[in-house]
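Each remark here refers to the structure printed beneath this line.
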Amino acid sequence: MLIKMNKIVREVTDNIIERSSVSRKLYLDKVQKAQATQIKRETLSCGNIAHSIAGCNLKEKNDIALGTKPNIGIVSAYNDMLSAHKPYESYPTLIKKIITKNNGTCQFAGGVPAMCDGVTQGQVGMELSLFSRDVIAQSTAVALSHNVFDGALMLGICDKIVPGLLMGCLSFGHLPVIFVPAGPMPTGISNKEKKLAREAYINKKITKSELLEVESKSYHSPGTCTFYGTANTNQLLLELMGLMLPGAAFINPEENLRSLFTKNASKRIIELSREEDKKSCIGKLVNEKSIVNAIVGLLASGGSTNLTIHLVAIAKFAGITINWEDFGKLSKVTPIITNVYPNGEADINEFHKAGGTSFLIKELSENGLIHNDIRTINENRFKDYMKRPEEKNNKIIYKILKNNDLDKNILRPFKKPFSSNGGINVVTGNIGKGIVKISSVKSIHQKICEQAEIFETPEEFSKAFEKGSLNKNCVVVIRGQGPKSNGMPELHSLNPILSVIQNLGYRIALITDGRMSGASGSVLTVVHVNPETNDGGVISKIKKSDFIEIDAQKGTMNVKISNKLLDKRLVSYTSTDYSSGYGRELFKTNRHQVTSSDTGAISIG
């Protein structure tokens, strides 16, 4: 059946193609040149080859040296501190076993750093978080740099890790690459219970040990966190882009179906590495259409605001230029058809059980909001991404999900959405521009005009709350948190306080040039404001008691004084020293050369 593309989706896609024509051609020429060279063992010296196979067994040495079998590299973000990445501990052994059975060879190419924003939340280490994405990209490039691989498997899930792996892979765009997920942990206590416990702790109704007991029941075993934050948004978007096997994202780590997906990915990368037309390389699969699919999927699912930064960066590494205006235009025609915490009460396991990515992709495809003609790693069968994976006789089969099987509190058909507009909106005005996640904010809280309360650090804000000076209507401004200031940390730890103030009946909102993460709460929050404080943005000129008006639906954000007066104002921001301690001194260059948040906050390349 021929599906007519939505007019705006088509226009945005065409604009991106035209805007990127020169840079995309240069990128594809680079990919083509690398493919023409291939991985020719004769270009390697005997010393090169001997070093690369020294740790292998005799059969592997012979096979790799001969070059007659595809040699696959594994790049992994495994560490056993991150629950999401703990399952990867056993993956290389299984992958090597399957690849060997399928007439290939496999080597562990390298590991990449993987930090957990949940552990560093509210800590100094959070200032390294965003820059870790670029370090991961560089580490991926180092892992693949030995020129001995015909394809690669990426083992990574969480916040900066998937974007970093993708950016690194795209620097080796001539290689076929498959992303291999590990799945979310089984459901513990509900996210709502966790949220209430955090607020109770803020209100001194429970002790720290009691809060820890609740948190430990939420984050309780190997696997990704169960709320719909950046990690799970990454996984959903990888499916929409066709870079992982269909339906693979949200199978729990201990299920046999999860093991089957890992085995199938291992088999599939061998097949892709043998393709003569070389059309399934990562540099060609990540194109203008697949990027638009990712944006639409982000908006329709109410995903993480972090992806408004990461997708811009990923696209750039593929020679593609996207901007926040593209997000804004697509948001106007993309309805929210999922309702997963923090947008609703369901967690990611309930989302998957209700129909998950298969239903989401099916609805978006059948209503012309995504490109279903993209090439994928799945034998070019995008239709399988619209079906539900199940296990039968130790094999993966796909079934069509019927609408009457849905839980309408979690997923809804395109024509009966939770909201007619997308989950993320762009706001602009005399303060600059920023991002609002409206999917988690009730409509009555999406507009405000109140006096500003100014803070230079999150710690100042927390102390003001403890003193009781924030029990009033206000727009909180926390500045000096942009990428050039201190690496643009997430300020998610402020959500419980903001929620407590709002629950007391006060009208409150937050504006910051920092980030708030995929776990943005129920309070109106404008993040990624730019120009940022360290670029002399208007956010650095706002004074206490200035009236600030935000309308998330209309997409406006203004301080209510004349532009003439604004131009005369001097920067009133008091700089904080973020230059040393906890490894921050090692990222001085990153802070100095990083681009703005709307251009991807890129500090390399």
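Chain labels run A, B, ... following the order of the structure tokens; each chain numbers its residues from 1, and ligands are numbered from 1 in the order shown.
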
If we count only C-alpha atoms and set the cut-off at 10 Å, which residues sit around Ser443 of chain A, ignoring sequence neighbours fewer than 3 positions away in its own chain? Please answer as a PDB file with N, CA and C atoms, in the first residue's frame.
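Wrote it out as selection_10.pdb, contents follow:
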```pdb
ATOM      1  N   ILE A 438       7.300  19.210  26.962  1.00  0.00           N
ATOM      2  CA  ILE A 438       5.936  19.502  27.408  1.00  0.00           C
ATOM      3  C   ILE A 438       5.128  18.235  27.685  1.00  0.00           C
ATOM      4  N   SER A 439       5.651  17.084  27.263  1.00  0.00           N
ATOM      5  CA  SER A 439       4.888  15.846  27.432  1.00  0.00           C
ATOM      6  C   SER A 439       4.695  15.468  28.890  1.00  0.00           C
ATOM      7  N   SER A 440       5.562  15.947  29.771  1.00  0.00           N
ATOM      8  CA  SER A 440       5.451  15.600  31.192  1.00  0.00           C
ATOM      9  C   SER A 440       4.869  16.731  32.032  1.00  0.00           C
ATOM     10  N   GLN A 446       1.895  25.043  31.569  1.00  0.00           N
ATOM     11  CA  GLN A 446       2.732  25.290  30.400  1.00  0.00           C
ATOM     12  C   GLN A 446       2.863  26.773  30.041  1.00  0.00           C
ATOM     13  N   LYS A 447       2.262  27.618  30.850  1.00  0.00           N
ATOM     14  CA  LYS A 447       2.373  29.059  30.619  1.00  0.00           C
ATOM     15  C   LYS A 447       2.563  29.759  31.960  1.00  0.00           C
ATOM     16  N   LEU A 524       7.321  23.158  34.546  1.00  0.00           N
ATOM     17  CA  LEU A 524       7.734  23.774  33.288  1.00  0.00           C
ATOM     18  C   LEU A 524       9.213  24.145  33.350  1.00  0.00           C
ATOM     19  N   ALA A 552       4.875  27.674  26.584  1.00  0.00           N
ATOM     20  CA  ALA A 552       5.444  26.495  25.929  1.00  0.00           C
ATOM     21  C   ALA A 552       4.662  26.091  24.694  1.00  0.00           C
ATOM     22  N   GLN A 553       3.353  26.346  24.702  1.00  0.00           N
ATOM     23  CA  GLN A 553       2.538  25.980  23.548  1.00  0.00           C
ATOM     24  C   GLN A 553       2.807  26.894  22.355  1.00  0.00           C
TER      25      GLN A 553
END
```

- Message: Give me the residues near Ser20 of chain A as a PyMOL selection string, where near means some atom within 8 Å (using only C-alpha atoms) and where sequence neighbours in that chain fewer than 5 positions away do not count.
- Response: chain A and resi 319-321

Closest atom pairs, segment 307-426 of chain A residues within 10 Å of segment 183-198 of chain A, only C-alpha atoms, as a tab-separated table:
```
residue	atom	partner	partner_atom	distance
A:Tyr341	CA	A:Asn191	CA	7.0
A:Pro342	CA	A:Asn191	CA	8.0
A:Gly344	CA	A:Lys192	CA	9.1
A:Glu345	CA	A:Lys192	CA	6.5
A:Ala346	CA	A:Ser190	CA	8.1
A:Asp347	CA	A:Asn191	CA	7.3
A:Ile348	CA	A:Pro184	CA	7.6
A:Asn349	CA	A:Thr187	CA	6.8
A:Glu350	CA	A:Thr187	CA	8.6
```

Emit the selected residues as an mmCIF file, in the first residue's frame, including C-alpha atoms.
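Final output, result_12.cif:
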```
data_model
loop_
_atom_site.group_PDB
_atom_site.id
_atom_site.type_symbol
_atom_site.label_atom_id
_atom_site.label_comp_id
_atom_site.auth_asym_id
_atom_site.auth_seq_id
_atom_site.Cartn_x
_atom_site.Cartn_y
_atom_site.Cartn_z
ATOM 1 C CA TYR A 341 7.016 7.750 32.928
ATOM 2 C CA PRO A 342 7.837 10.617 33.435
ATOM 3 C CA GLY A 344 2.674 8.856 32.424
ATOM 4 C CA GLU A 345 2.759 6.181 35.106
ATOM 5 C CA ALA A 346 3.758 3.139 33.002
ATOM 6 C CA ASP A 347 7.385 2.038 32.837
ATOM 7 C CA ILE A 348 9.291 0.808 29.787
ATOM 8 C CA ASN A 349 8.436 -2.856 30.462
ATOM 9 C CA GLU A 350 4.728 -2.017 30.463
#
```

Mind running segment 239-269 of chain A against segment 143-165 of chain A at 10 Å and telling me each contacting residue's nearest atom pair with the distance in Å (one decimal), counting only C-alpha atoms, chain and number ascending, as JSON lines?
```
{"residue": "A:Met244", "atom": "CA", "partner": "A:Met154", "partner_atom": "CA", "distance": 9.8}
{"residue": "A:Ala249", "atom": "CA", "partner": "A:Ile157", "partner_atom": "CA", "distance": 9.4}
{"residue": "A:Ala265", "atom": "CA", "partner": "A:Leu153", "partner_atom": "CA", "distance": 8.2}
{"residue": "A:Ser266", "atom": "CA", "partner": "A:Leu153", "partner_atom": "CA", "distance": 7.8}
{"residue": "A:Ile269", "atom": "CA", "partner": "A:Gly151", "partner_atom": "CA", "distance": 6.6}
```

With the cut-off set at 8 Å and counting only C-alpha atoms, tabulate each residue of segment 253-351 of chain A with an atom at most that distance from an atom of segment 89-98 of chain A, showing the nearest atom pair and its distance in Å to one decimal, ordered by chain and increasing number, as a Markdown table.
```
| residue | atom | partner | partner_atom | distance |
| --- | --- | --- | --- | --- |
| A:Thr262 | CA | A:Ile95 | CA | 7.2 |
| A:Lys263 | CA | A:Ile98 | CA | 6.3 |
| A:Ser266 | CA | A:Ile95 | CA | 5.8 |
| A:Lys267 | CA | A:Ile98 | CA | 6.8 |
```
